[in-house]
file model14.pdb (PDB, C-alpha atoms and all ligand atoms)
ATOM      1  CA  ALA A  15     150.851  98.578  91.466
ATOM      2  CA  PRO A  16     147.107  97.765  91.344
ATOM      3  CA  ASP A  17     147.261  97.532  95.145
ATOM      4  CA  ASP A  18     148.479 101.123  95.243
ATOM      5  CA  ILE A  19     145.470 102.231  93.238
ATOM      6  CA  LYS A  20     143.138 100.268  95.452
ATOM      7  CA  GLN A  21     144.764 101.957  98.426
ATOM      8  CA  CYS A  22     144.336 105.361  96.837
ATOM      9  CA  VAL A  23     140.726 104.669  95.912
ATOM     10  CA  LEU A  24     140.149 103.516  99.464
ATOM     11  CA  GLU A  25     141.708 106.646 100.902
ATOM     12  CA  THR A  26     139.697 108.915  98.626
ATOM     13  CA  GLN A  27     136.557 107.057  99.607
ATOM     14  CA  ARG A  28     137.371 107.274 103.300
ATOM     15  CA  ALA A  29     137.995 110.986 102.996
ATOM     16  CA  ASN A  30     134.728 111.492 101.125
ATOM     17  CA  GLU A  31     132.874 109.359 103.607
ATOM     18  CA  ALA A  32     134.306 111.205 106.568
ATOM     19  CA  LEU A  33     133.247 114.480 104.969
ATOM     20  CA  GLN A  34     129.778 113.166 104.258
ATOM     21  CA  ARG A  35     129.480 111.868 107.822
ATOM     22  CA  MET A  36     130.434 115.259 109.196
ATOM     23  CA  ARG A  37     127.740 116.881 107.070
ATOM     24  CA  LEU A  38     125.161 114.310 108.083
ATOM     25  CA  THR A  39     125.898 114.405 111.804
ATOM     26  CA  ALA A  40     125.930 118.167 111.669
ATOM     27  CA  VAL A  41     122.437 118.210 110.206
ATOM     28  CA  THR A  42     120.499 115.237 111.501
ATOM     29  CA  ALA A  43     122.841 112.840 113.312
ATOM     30  CA  LEU A  44     121.728 109.988 111.079
ATOM     31  CA  PRO A  45     122.942 106.499 111.969
ATOM     32  CA  GLU A  46     125.714 104.990 109.840
ATOM     33  CA  ALA A  47     124.501 103.481 106.601
ATOM     34  CA  ALA A  48     124.403  99.721 106.826
ATOM     35  CA  ASP A  49     127.139  97.978 104.871
ATOM     36  CA  GLU A  50     124.827  95.324 103.551
ATOM     37  CA  LEU A  51     123.004  94.327 100.429
ATOM     38  CA  ARG A  52     119.318  95.308 100.433
ATOM     39  CA  ARG A  53     117.340  94.422  97.332
ATOM     40  CA  THR A  54     113.674  94.829  96.504
ATOM     41  CA  ILE A  55     112.229  93.572  93.239
ATOM     42  CA  TYR A  56     108.897  94.848  91.918
ATOM     43  CA  ASP A  57     106.616  93.579  89.171
ATOM     44  CA  ALA A  58     105.370  96.406  86.953
ATOM     45  CA  GLY A  59     102.768  93.976  85.544
ATOM     46  CA  HIS A  60     103.371  95.031  81.913
ATOM     47  CA  THR A  61     102.404  98.610  82.734
ATOM     48  CA  GLN A  62     104.659 101.673  82.858
ATOM     49  CA  ASP A  63     103.659 102.455  86.448
ATOM     50  CA  LEU A  64     106.713 102.287  88.696
ATOM     51  CA  PRO A  65     107.797 100.664  90.807
ATOM     52  CA  GLY A  66     104.856  98.199  90.678
ATOM     53  CA  ARG A  67     103.929  95.432  93.093
ATOM     54  CA  MET A  68     106.633  94.301  95.522
ATOM     55  CA  VAL A  69     107.474  90.656  94.800
ATOM     56  CA  ARG A  70     110.809  89.788  96.425
ATOM     57  CA  ARG A  71     112.767  91.407  99.220
ATOM     58  CA  GLU A  72     116.225  90.660 100.604
ATOM     59  CA  ASP A  73     116.568  87.159 102.064
ATOM     60  CA  GLU A  74     113.195  86.039 100.725
ATOM     61  CA  ALA A  75     112.980  82.767  98.847
ATOM     62  CA  ALA A  76     113.052  82.751  95.062
ATOM     63  CA  ALA A  77     109.847  83.881  93.395
ATOM     64  CA  ASP A  78     107.936  81.832  90.851
ATOM     65  CA  ASP A  79     109.086  84.231  88.146
ATOM     66  CA  ARG A  80     112.328  83.912  86.204
ATOM     67  CA  GLU A  81     112.812  87.646  85.559
ATOM     68  CA  VAL A  82     112.235  88.531  89.235
ATOM     69  CA  ASN A  83     114.950  86.088  90.271
ATOM     70  CA  GLU A  84     117.360  87.152  87.525
ATOM     71  CA  ALA A  85     117.038  90.798  88.550
ATOM     72  CA  TYR A  86     117.525  89.837  92.209
ATOM     73  CA  ASP A  87     120.582  87.675  91.522
ATOM     74  CA  ASP A  88     122.257  90.068  89.105
ATOM     75  CA  LEU A  89     121.740  93.143  91.296
ATOM     76  CA  GLY A  90     123.409  91.078  94.026
ATOM     77  CA  ARG A  91     126.337  90.140  91.783
ATOM     78  CA  THR A  92     126.803  93.767  90.772
ATOM     79  CA  TRP A  93     126.631  94.999  94.372
ATOM     80  CA  ARG A  94     129.260  92.385  95.369
ATOM     81  CA  PHE A  95     131.517  93.382  92.485
ATOM     82  CA  TYR A  96     131.567  97.021  93.630
ATOM     83  CA  LYS A  97     131.957  96.019  97.298
ATOM     84  CA  GLU A  98     134.646  93.378  96.898
ATOM     85  CA  VAL A  99     136.697  95.015  94.160
ATOM     86  CA  PHE A 100     136.396  98.731  94.955
ATOM     87  CA  ASP A 101     135.057  98.655  98.526
ATOM     88  CA  ARG A 102     132.095 100.677  97.263
ATOM     89  CA  ASN A 103     128.982 100.365  99.415
ATOM     90  CA  SER A 104     126.245 100.331  96.767
ATOM     91  CA  ILE A 105     125.378 103.001  94.209
ATOM     92  CA  ASP A 106     125.908 106.003  96.478
ATOM     93  CA  ASN A 107     128.648 104.357  98.595
ATOM     94  CA  HIS A 108     126.271 104.818 101.523
ATOM     95  CA  GLY A 109     124.393 101.549 101.307
ATOM     96  CA  LEU A 110     121.549 102.714  99.073
ATOM     97  CA  ALA A 111     118.923  99.961  98.868
ATOM     98  CA  LEU A 112     118.673  98.483  95.375
ATOM     99  CA  ASP A 113     115.245  98.583  93.756
ATOM    100  CA  GLY A 114     114.483  96.899  90.458
ATOM    101  CA  SER A 115     111.248  96.588  88.473
ATOM    102  CA  VAL A 116     110.680  93.826  85.934
ATOM    103  CA  HIS A 117     107.929  93.259  83.327
ATOM    104  CA  TYR A 118     107.965  96.976  82.524
ATOM    105  CA  GLY A 119     105.619  97.926  79.703
ATOM    106  CA  ARG A 120     104.504  95.703  76.859
ATOM    107  CA  HIS A 121     107.118  94.109  74.586
ATOM    108  CA  TYR A 122     109.449  96.762  75.941
ATOM    109  CA  ASP A 123     112.841  96.536  74.183
ATOM    110  CA  ASN A 124     115.057  98.217  76.763
ATOM    111  CA  ALA A 125     116.211  98.607  80.359
ATOM    112  CA  PHE A 126     117.118 101.819  82.152
ATOM    113  CA  TRP A 127     118.099 103.611  85.355
ATOM    114  CA  ASN A 128     115.528 106.310  86.145
ATOM    115  CA  GLY A 129     117.519 108.097  88.819
ATOM    116  CA  ARG A 130     115.988 105.971  91.591
ATOM    117  CA  GLU A 131     115.781 102.385  90.402
ATOM    118  CA  MET A 132     116.598  99.931  87.621
ATOM    119  CA  VAL A 133     113.822  99.031  85.215
ATOM    120  CA  PHE A 134     113.715  96.047  82.857
ATOM    121  CA  GLY A 135     111.464  95.363  79.887
ATOM    122  CA  ASP A 136     110.580  91.871  78.694
ATOM    123  CA  GLY A 137     111.596  92.481  75.095
ATOM    124  CA  ASP A 138     109.328  91.834  72.148
ATOM    125  CA  GLY A 139     110.203  88.141  71.933
ATOM    126  CA  ARG A 140     111.100  88.497  68.266
ATOM    127  CA  ILE A 141     114.369  90.450  68.536
ATOM    128  CA  PHE A 142     114.831  90.709  72.281
ATOM    129  CA  ARG A 143     114.463  88.418  75.230
ATOM    130  CA  PRO A 144     113.799  89.892  78.710
ATOM    131  CA  PHE A 145     116.490  92.408  79.640
ATOM    132  CA  THR A 146     117.277  90.666  82.934
ATOM    133  CA  ARG A 147     119.003  87.845  80.984
ATOM    134  CA  SER A 148     122.384  89.577  80.779
ATOM    135  CA  LEU A 149     124.369  90.365  83.915
ATOM    136  CA  ASP A 150     126.367  92.962  81.969
ATOM    137  CA  VAL A 151     123.132  94.800  81.112
ATOM    138  CA  VAL A 152     121.959  94.797  84.741
ATOM    139  CA  ALA A 153     125.404  96.042  85.830
ATOM    140  CA  HIS A 154     125.321  98.645  83.016
ATOM    141  CA  GLU A 155     122.089 100.110  84.406
ATOM    142  CA  LEU A 156     123.295 100.069  88.026
ATOM    143  CA  THR A 157     126.496 101.782  86.937
ATOM    144  CA  HIS A 158     124.447 104.703  85.572
ATOM    145  CA  GLY A 159     123.562 105.261  89.230
ATOM    146  CA  VAL A 160     127.228 105.046  90.262
ATOM    147  CA  THR A 161     128.237 107.573  87.576
ATOM    148  CA  GLU A 162     125.456 109.896  88.699
ATOM    149  CA  ALA A 163     126.742 109.643  92.292
ATOM    150  CA  THR A 164     130.390 110.219  91.314
ATOM    151  CA  ALA A 165     131.557 111.963  88.133
ATOM    152  CA  GLY A 166     128.041 113.071  87.152
ATOM    153  CA  LEU A 167     128.948 112.920  83.462
ATOM    154  CA  ALA A 168     126.332 114.878  81.480
ATOM    155  CA  TYR A 169     124.267 112.649  79.176
ATOM    156  CA  GLN A 170     125.022 114.555  75.978
ATOM    157  CA  ASP A 171     127.692 114.373  73.252
ATOM    158  CA  GLN A 172     131.167 113.185  74.351
ATOM    159  CA  SER A 173     130.516 113.317  78.105
ATOM    160  CA  GLY A 174     127.331 111.337  77.401
ATOM    161  CA  ALA A 175     129.268 108.774  75.358
ATOM    162  CA  LEU A 176     131.705 108.539  78.295
ATOM    163  CA  ASN A 177     128.741 108.027  80.644
ATOM    164  CA  GLU A 178     127.542 105.198  78.372
ATOM    165  CA  SER A 179     131.041 103.772  78.077
ATOM    166  CA  VAL A 180     131.548 103.724  81.848
ATOM    167  CA  SER A 181     128.343 101.682  82.136
ATOM    168  CA  ASP A 182     129.581  99.239  79.465
ATOM    169  CA  VAL A 183     133.079  99.013  80.970
ATOM    170  CA  PHE A 184     131.854  98.276  84.500
ATOM    171  CA  GLY A 185     129.114  96.081  83.020
ATOM    172  CA  VAL A 186     131.587  93.770  81.306
ATOM    173  CA  MET A 187     133.945  93.904  84.297
ATOM    174  CA  THR A 188     131.123  92.764  86.589
ATOM    175  CA  ALA A 189     130.424  89.832  84.263
ATOM    176  CA  GLN A 190     134.139  88.971  84.000
ATOM    177  CA  TYR A 191     134.513  89.116  87.795
ATOM    178  CA  ALA A 192     131.448  86.928  88.351
ATOM    179  CA  ALA A 193     132.753  84.389  85.814
ATOM    180  CA  GLY A 194     136.381  84.606  86.983
ATOM    181  CA  GLN A 195     137.539  85.426  83.454
ATOM    182  CA  THR A 196     140.771  87.068  82.410
ATOM    183  CA  ALA A 197     140.686  89.796  79.774
ATOM    184  CA  ALA A 198     141.788  87.233  77.187
ATOM    185  CA  GLU A 199     139.063  84.753  78.174
ATOM    186  CA  ALA A 200     136.177  87.242  78.181
ATOM    187  CA  ASP A 201     133.819  87.884  75.253
ATOM    188  CA  TRP A 202     133.640  91.664  75.883
ATOM    189  CA  LEU A 203     130.010  91.688  74.739
ATOM    190  CA  ILE A 204     127.090  93.632  76.177
ATOM    191  CA  GLY A 205     123.732  91.893  76.058
ATOM    192  CA  ALA A 206     124.718  88.703  74.242
ATOM    193  CA  GLU A 207     122.004  86.801  76.118
ATOM    194  CA  LEU A 208     119.278  89.222  75.042
ATOM    195  CA  LEU A 209     119.142  88.524  71.338
ATOM    196  CA  THR A 210     116.852  85.813  70.035
ATOM    197  CA  ASP A 211     118.106  83.249  67.546
ATOM    198  CA  GLN A 212     116.333  85.151  64.787
ATOM    199  CA  VAL A 213     118.673  88.107  65.122
ATOM    200  CA  HIS A 214     121.714  88.438  62.942
ATOM    201  CA  GLY A 215     124.311  89.609  65.451
ATOM    202  CA  ALA A 216     126.114  88.593  68.610
ATOM    203  CA  ALA A 217     125.066  91.216  71.133
ATOM    204  CA  LEU A 218     124.037  94.836  71.654
ATOM    205  CA  ARG A 219     127.612  96.033  71.674
ATOM    206  CA  SER A 220     131.153  94.690  71.598
ATOM    207  CA  LEU A 221     134.038  96.460  73.313
ATOM    208  CA  ALA A 222     136.508  94.292  71.411
ATOM    209  CA  ARG A 223     135.073  94.984  67.970
ATOM    210  CA  PRO A 224     132.643  97.898  68.137
ATOM    211  CA  GLY A 225     130.357  97.985  65.145
ATOM    212  CA  THR A 226     130.411  94.269  64.532
ATOM    213  CA  ALA A 227     128.116  93.164  67.346
ATOM    214  CA  TYR A 228     124.785  94.332  66.071
ATOM    215  CA  ASP A 229     125.188  95.660  62.592
ATOM    216  CA  ASP A 230     121.863  94.856  60.982
ATOM    217  CA  PRO A 231     120.562  98.214  59.700
ATOM    218  CA  THR A 232     117.014  96.889  59.518
ATOM    219  CA  LEU A 233     117.057  96.776  63.307
ATOM    220  CA  GLY A 234     117.709 100.493  63.428
ATOM    221  CA  ARG A 235     121.031 100.266  65.220
ATOM    222  CA  ASP A 236     124.054 102.066  63.880
ATOM    223  CA  PRO A 237     127.388 100.323  64.028
ATOM    224  CA  GLN A 238     129.687 101.789  66.661
ATOM    225  CA  PRO A 239     133.011 103.388  65.760
ATOM    226  CA  ALA A 240     136.164 102.014  67.390
ATOM    227  CA  THR A 241     138.303 105.085  66.679
ATOM    228  CA  MET A 242     137.974 108.873  66.298
ATOM    229  CA  ALA A 243     138.368 108.501  62.534
ATOM    230  CA  HIS A 244     134.776 107.198  62.486
ATOM    231  CA  TYR A 245     133.295 109.461  65.160
ATOM    232  CA  VAL A 246     129.604 109.998  64.374
ATOM    233  CA  GLU A 247     128.202 113.537  64.475
ATOM    234  CA  THR A 248     124.476 113.227  65.091
ATOM    235  CA  ARG A 249     121.703 114.926  67.020
ATOM    236  CA  GLN A 250     119.938 111.645  67.660
ATOM    237  CA  ASP A 251     120.470 109.703  70.859
ATOM    238  CA  ASN A 252     121.744 112.771  72.784
ATOM    239  CA  GLY A 253     124.528 113.183  70.241
ATOM    240  CA  GLY A 254     125.114 109.482  69.645
ATOM    241  CA  VAL A 255     125.899 108.512  73.234
ATOM    242  CA  HIS A 256     125.335 104.792  72.479
ATOM    243  CA  ILE A 257     127.294 105.100  69.230
ATOM    244  CA  ASN A 258     130.456 107.017  70.073
ATOM    245  CA  SER A 259     130.814 105.131  73.368
ATOM    246  CA  GLY A 260     132.466 102.536  71.137
ATOM    247  CA  ILE A 261     135.618 104.683  71.127
ATOM    248  CA  PRO A 262     136.317 104.879  74.905
ATOM    249  CA  ASN A 263     135.007 101.295  75.184
ATOM    250  CA  HIS A 264     137.643 100.116  72.752
ATOM    251  CA  ALA A 265     140.376 102.078  74.533
ATOM    252  CA  PHE A 266     139.511 100.273  77.775
ATOM    253  CA  TYR A 267     139.471  96.923  75.979
ATOM    254  CA  ARG A 268     142.869  97.521  74.384
ATOM    255  CA  ALA A 269     144.408  98.629  77.669
ATOM    256  CA  ALA A 270     142.966  95.626  79.539
ATOM    257  CA  MET A 271     144.209  93.205  76.872
ATOM    258  CA  ALA A 272     147.677  94.763  76.850
ATOM    259  CA  ALA A 273     147.858  94.657  80.655
ATOM    260  CA  GLY A 274     146.759  90.996  80.740
ATOM    261  CA  GLY A 275     145.244  89.200  83.713
ATOM    262  CA  TYR A 276     141.958  90.327  85.245
ATOM    263  CA  SER A 277     140.618  93.656  83.986
ATOM    264  CA  TRP A 278     139.304  94.587  87.436
ATOM    265  CA  GLU A 279     142.827  94.338  88.866
ATOM    266  CA  THR A 280     144.635  96.287  86.138
ATOM    267  CA  VAL A 281     142.894  99.086  84.235
ATOM    268  CA  GLY A 282     139.602  98.716  86.123
ATOM    269  CA  PRO A 283     140.985 100.496  89.221
ATOM    270  CA  VAL A 284     142.380 103.277  86.976
ATOM    271  CA  TRP A 285     138.929 103.849  85.453
ATOM    272  CA  TYR A 286     137.296 103.665  88.893
ATOM    273  CA  ALA A 287     139.731 106.220  90.329
ATOM    274  CA  THR A 288     138.979 108.428  87.304
ATOM    275  CA  LEU A 289     135.254 108.259  88.009
ATOM    276  CA  ASN A 290     135.941 109.410  91.589
ATOM    277  CA  ASP A 291     138.491 112.056  90.628
ATOM    278  CA  HIS A 292     137.471 115.693  91.147
ATOM    279  CA  ARG A 293     139.651 116.658  88.158
ATOM    280  CA  LEU A 294     137.046 114.980  85.926
ATOM    281  CA  THR A 295     134.330 117.517  85.101
ATOM    282  CA  GLU A 296     130.706 116.730  84.268
ATOM    283  CA  ASN A 297     131.157 117.910  80.695
ATOM    284  CA  ALA A 298     134.480 116.182  80.114
ATOM    285  CA  ASP A 299     135.239 115.180  76.539
ATOM    286  CA  PHE A 300     137.191 112.072  75.496
ATOM    287  CA  ALA A 301     140.567 113.861  75.629
ATOM    288  CA  GLN A 302     139.945 115.197  79.138
ATOM    289  CA  PHE A 303     138.732 111.814  80.395
ATOM    290  CA  ALA A 304     141.798 110.163  78.849
ATOM    291  CA  GLY A 305     143.975 112.740  80.609
ATOM    292  CA  VAL A 306     142.508 111.842  84.000
ATOM    293  CA  THR A 307     142.929 108.104  83.372
ATOM    294  CA  LEU A 308     146.575 108.772  82.515
ATOM    295  CA  ALA A 309     147.106 110.909  85.612
ATOM    296  CA  ASN A 310     145.647 108.160  87.796
ATOM    297  CA  ALA A 311     147.674 105.463  86.094
ATOM    298  CA  ARG A 312     150.871 107.497  86.576
ATOM    299  CA  GLU A 313     150.124 108.490  90.159
ATOM    300  CA  HIS A 314     148.992 105.121  91.463
ATOM    301  CA  ALA A 315     149.784 102.322  89.040
ATOM    302  CA  GLY A 316     153.254 103.128  87.774
ATOM    303  CA  ARG A 317     154.978 103.655  84.505
ATOM    304  CA  GLU A 318     154.183 100.349  82.834
ATOM    305  CA  LEU A 319     150.415 100.600  83.142
ATOM    306  CA  ALA A 320     150.511 104.317  82.363
ATOM    307  CA  ASP A 321     152.252 103.531  79.072
ATOM    308  CA  ILE A 322     149.655 100.875  78.290
ATOM    309  CA  VAL A 323     146.783 103.303  78.968
ATOM    310  CA  SER A 324     148.480 105.994  76.906
ATOM    311  CA  GLN A 325     148.974 103.615  73.977
ATOM    312  CA  ALA A 326     145.336 102.454  74.138
ATOM    313  CA  TRP A 327     143.997 106.021  73.853
ATOM    314  CA  SER A 328     146.435 106.748  71.067
ATOM    315  CA  ASP A 329     145.251 103.591  69.234
ATOM    316  CA  VAL A 330     141.675 104.921  69.150
ATOM    317  CA  GLY A 331     142.798 108.389  68.082
ATOM    318  CA  VAL A 332     142.281 110.205  71.373
ATOM    319  CA  THR A 333     145.095 112.499  72.495
ATOM    320  CA  PRO A 334     144.893 113.691  76.095
TER     321      PRO A 334
HETATM  322  N1  LIG B   1     119.385 100.942  78.033
HETATM  323  C1  LIG B   1     119.692 102.317  77.780
HETATM  324  C2  LIG B   1     120.887 102.710  78.612
HETATM  325  O1  LIG B   1     120.958 102.391  79.774
HETATM  326  C3  LIG B   1     118.577 103.211  78.094
HETATM  327  C4  LIG B   1     118.910 104.572  77.678
HETATM  328  O2  LIG B   1     118.891 104.877  76.512
HETATM  329  N2  LIG B   1     119.275 105.430  78.595
HETATM  330  O3  LIG B   1     121.754 103.339  78.096
HETATM  331 ZN    ZN B   2     123.261 103.178  79.335
END

call {"tool": "encode", "arguments": {"input": "model14.pdb", "output": "structure tokens"}}
result
Amino acid sequence: APDDIKQCVLETQRANEALQRMRLTAVTALPEAADELRRTIYDAGHTQDLPGRMVRREDEAAADDREVNEAYDDLGRTWRFYKEVFDRNSIDNHGLALDGSVHYGRHYDNAFWNGREMVFGDGDGRIFRPFTRSLDVVAHELTHGVTEATAGLAYQDQSGALNESVSDVFGVMTAQYAAGQTAAEADWLIGAELLTDQVHGAALRSLARPGTAYDDPTLGRDPQPATMAHYVETRQDNGGVHINSGIPNHAFYRAAMAAGGYSWETVGPVWYATLNDHRLTENADFAQFAGVTLANAREHAGRELADIVSQAWSDVGVTP
């Protein structure tokens, strides 16, 4: 069944690519995008000027800078995950070169995708270590680019929480793939490597137990809900996009655990097909997203996985 989904994803991609090629050749006759990994890492030198000084390009030897090499290695792992598992050629599926900037700002406690590149702060050293430490965080940021290039989920309210969740889901899947872990073996944490020993908490977020990862209110982070019963209505954080993402995150976790085996071979392809499905609108809410996952599971993965996906959404209180 997962092979069928892969096949479908492949066919959709081929169709999209053929269309894109026709457009491109019609306009400028551009050469085919190279199907190869092209990374460039920049050093922002503790400023907020991007991208900063170029410090390591593809095939160059390791730099004398841990964060430069972590960004380089983890962008590579994420690129390989998308290529090998979903036959996706980089963020735009057209071989977009991957740019990353490290040492952004001073004591900067975050990482982000700015629409062109991935940017990583060094953390304040008290709560956070440099944001290149966690592969799932690097993959989370790169996936914001993938979502922008596919479903285009608006970064507000439920579609924003779905956008965040997709980044977490593909972030943990990238880490599980790189480590060769089954759903049962994985920790399902985002950013476990970022927190210093002084922090009370395991990670930024947990897909297995949302709300338990980082629940120290003095750190200004709200616990995430795992189900609709605890959905948080707020105007902060674009309508709580990093909060309510706990709900679709937990649905994915439950489905992956029920399916067993490797997440990227079971529910991962269903979520990936959903991201590439034209039935998913930019302002989709949880119920609509769930509906498209179910449609894809039914159409390409068969009854058993469809029932698992359906049960997982029902468990978190989302009815398609
Ligand atoms: N690290 C955050 C994220 O990628 C940055 C943000 O708030 N957009 O979600
Ligand atoms: Zn994000």

call {"tool": "closest_residue", "arguments": {"input": "model14.pdb", "among": "A:Ala192, A:Ala240, A:Ile257, A:Leu208", "to": "Asp329 (chain A)", "atoms": "only C-alpha atoms"}}
result
A:Ala240

call {"tool": "closest_atom_pairs", "arguments": {"input": "model14.pdb", "of": "chain A", "to": "ligand LIG 1 (chain B)", "cutoff": "12 Å", "atoms": "only C-alpha atoms and all ligand atoms", "output": "CSV"}}
result
residue,atom,partner,partner_atom,distance
A:Tyr122,CA,B:LIG1,N1,11.0
A:Asp123,CA,B:LIG1,N1,8.8
A:Asn124,CA,B:LIG1,N1,5.3
A:Ala125,CA,B:LIG1,N1,4.6
A:Phe126,CA,B:LIG1,C3,4.5
A:Trp127,CA,B:LIG1,O1,6.4
A:Asn128,CA,B:LIG1,N2,8.5
A:Gly129,CA,B:LIG1,N2,10.7
A:Glu131,CA,B:LIG1,O1,11.8
A:Met132,CA,B:LIG1,O1,9.3
A:Val133,CA,B:LIG1,N1,9.3
A:Phe134,CA,B:LIG1,N1,8.9
A:Gly135,CA,B:LIG1,N1,9.9
A:Gly137,CA,B:LIG1,N1,11.9
A:Phe145,CA,B:LIG1,N1,9.2
A:Thr146,CA,B:LIG1,N1,11.6
A:Asp150,CA,B:LIG1,O1,11.1
A:Val151,CA,B:LIG1,N1,7.8
A:Val152,CA,B:LIG1,O1,9.1
A:Ala153,CA,B:LIG1,O1,9.8
A:His154,CA,B:LIG1,O1,6.6
A:Glu155,CA,B:LIG1,O1,5.3
A:Leu156,CA,B:LIG1,O1,8.9
A:Thr157,CA,B:LIG1,O1,9.1
A:His158,CA,B:LIG1,O1,7.2
A:Gly159,CA,B:LIG1,O1,10.2
A:Thr161,CA,B:LIG1,O1,11.9
A:Tyr169,CA,B:LIG1,N2,8.8
A:Gln170,CA,B:LIG1,N2,11.1
A:Gly174,CA,B:LIG1,O3,9.8
A:Ala175,CA,B:LIG1,O3,9.7
A:Leu176,CA,B:LIG1,O3,11.2
A:Asn177,CA,B:LIG1,O3,8.8
A:Glu178,CA,B:LIG1,O3,6.1
A:Ser179,CA,B:LIG1,O3,9.3
A:Val180,CA,B:LIG1,O3,10.5
A:Ser181,CA,B:LIG1,O1,7.8
A:Asp182,CA,B:LIG1,O3,8.9
A:Gly185,CA,B:LIG1,O1,10.8
A:Ile204,CA,B:LIG1,N1,10.8
A:Gly205,CA,B:LIG1,N1,10.2
A:Leu218,CA,B:LIG1,N1,10.0
A:Arg219,CA,B:LIG1,O3,11.4
A:Gln250,CA,B:LIG1,O2,11.2
A:Asp251,CA,B:LIG1,O2,7.6
A:Asn252,CA,B:LIG1,O2,9.2
A:Gly253,CA,B:LIG1,O2,11.8
A:Gly254,CA,B:LIG1,O2,10.3
A:Val255,CA,B:LIG1,O3,8.2
A:His256,CA,B:LIG1,O3,6.8
A:Ile257,CA,B:LIG1,O3,10.6
A:Ser259,CA,B:LIG1,O3,10.4

call {"tool": "closest_residue", "arguments": {"input": "model14.pdb", "among": "A:Ser277, A:Thr164, A:Asn258, A:Gln195", "to": "Leu294 (chain A)", "atoms": "all atoms listed in the file"}}
result
A:Thr164

call {"tool": "closest_residue", "arguments": {"input": "model14.pdb", "among": "A:Asp88, A:Gly59, A:Pro65, A:His244", "to": "His121 (chain A)", "atoms": "all atoms listed in the file"}}
result
A:Gly59

call {"tool": "atom_distance", "arguments": {"input": "model14.pdb", "atom1": "CA of Trp278 (chain A)", "atom2": "CA of Gly194 (chain A)"}}
result
10.4 Å

call {"tool": "atom_distance", "arguments": {"input": "model14.pdb", "atom1": "CA of Val281 (chain A)", "atom2": "CA of Tyr96 (chain A)"}}
result
14.9 Å

call {"tool": "resolve_selection", "arguments": {"input": "model14.pdb", "expression": "the PyMOL selection byres (((chain A and resi 201) around 9) and not hetatm)", "output": "count of residues only"}}
result
12

call {"tool": "closest_residue", "arguments": {"input": "model14.pdb", "among": "A:Val332, A:Val284, A:Ala326, A:Leu167", "to": "Ala311 (chain A)", "atoms": "only C-alpha atoms"}}
result
A:Val284

call {"tool": "resolve_selection", "arguments": {"input": "model14.pdb", "expression": "the PyMOL selection byres (((chain A and resi 118) around 6) and not hetatm)", "output": "JSON, numbers by chain"}}
result
{"A": [58, 60, 61, 62, 116, 117, 119, 134, 135]}

call {"tool": "axis_aligned_box", "arguments": {"input": "model14.pdb", "around": "region 92-108 of chain A", "padding_each_side": "6 Å", "output": "AutoDock Vina command-line options"}}
result
--center_x 131.0 --center_y 99.2 --center_z 96.1 --size_x 23.3 --size_y 25.6 --size_z 22.8

call {"tool": "residues_around", "arguments": {"input": "model14.pdb", "residues": "Phe266 (chain A)", "least_positions_apart": "5", "cutoff": "9 Å", "atoms": "all atoms listed in the file", "output": "list of chain:residue names"}}
result
A:Val183, A:Leu221, A:Ile261, A:Met271, A:Val281, A:Gly282, A:Trp285, A:Val323, A:Ala326, A:Trp327

call {"tool": "atom_distance", "arguments": {"input": "model14.pdb", "atom1": "CA of Ser324 (chain A)", "atom2": "CA of Leu308 (chain A)"}}
result
6.5 Å

call {"tool": "resolve_selection", "arguments": {"input": "model14.pdb", "expression": "the PyMOL selection byres (((chain A and resi 306) around 12) and not hetatm)", "output": "PyMOL selection string"}}
result
chain A and resi 165+284-295+298-305+307-314+320+323-324+327+333-334

call {"tool": "decode", "arguments": {"input": "model14.pdb", "residues": "region 279-287 of chain A", "atoms": "N, CA and C atoms", "output": "compact mmCIF listing (two decimals), in the first residue's frame"}}
result
# COMPACT_ATOMS: atom_id res chain seq x y z
N GLU A 279 7.21 5.50 5.86
CA GLU A 279 6.69 4.51 4.90
C GLU A 279 5.20 4.26 5.09
N THR A 280 4.61 4.81 6.14
CA THR A 280 3.20 4.53 6.44
C THR A 280 2.36 5.79 6.28
N VAL A 281 2.26 6.59 7.36
CA VAL A 281 1.44 7.80 7.27
C VAL A 281 2.20 8.97 6.64
N GLY A 282 3.53 8.92 6.67
CA GLY A 282 4.31 10.00 6.05
C GLY A 282 3.89 10.25 4.61
N PRO A 283 3.82 9.22 3.76
CA PRO A 283 3.40 9.43 2.37
C PRO A 283 1.97 9.98 2.25
N VAL A 284 1.10 9.64 3.21
CA VAL A 284 -0.27 10.19 3.18
C VAL A 284 -0.22 11.70 3.44
N TRP A 285 0.59 12.10 4.42
CA TRP A 285 0.71 13.54 4.72
C TRP A 285 1.39 14.26 3.54
N TYR A 286 2.38 13.61 2.95
CA TYR A 286 3.08 14.26 1.83
C TYR A 286 2.14 14.44 0.63
N ALA A 287 1.34 13.41 0.35
CA ALA A 287 0.38 13.51 -0.75
C ALA A 287 -0.64 14.62 -0.45
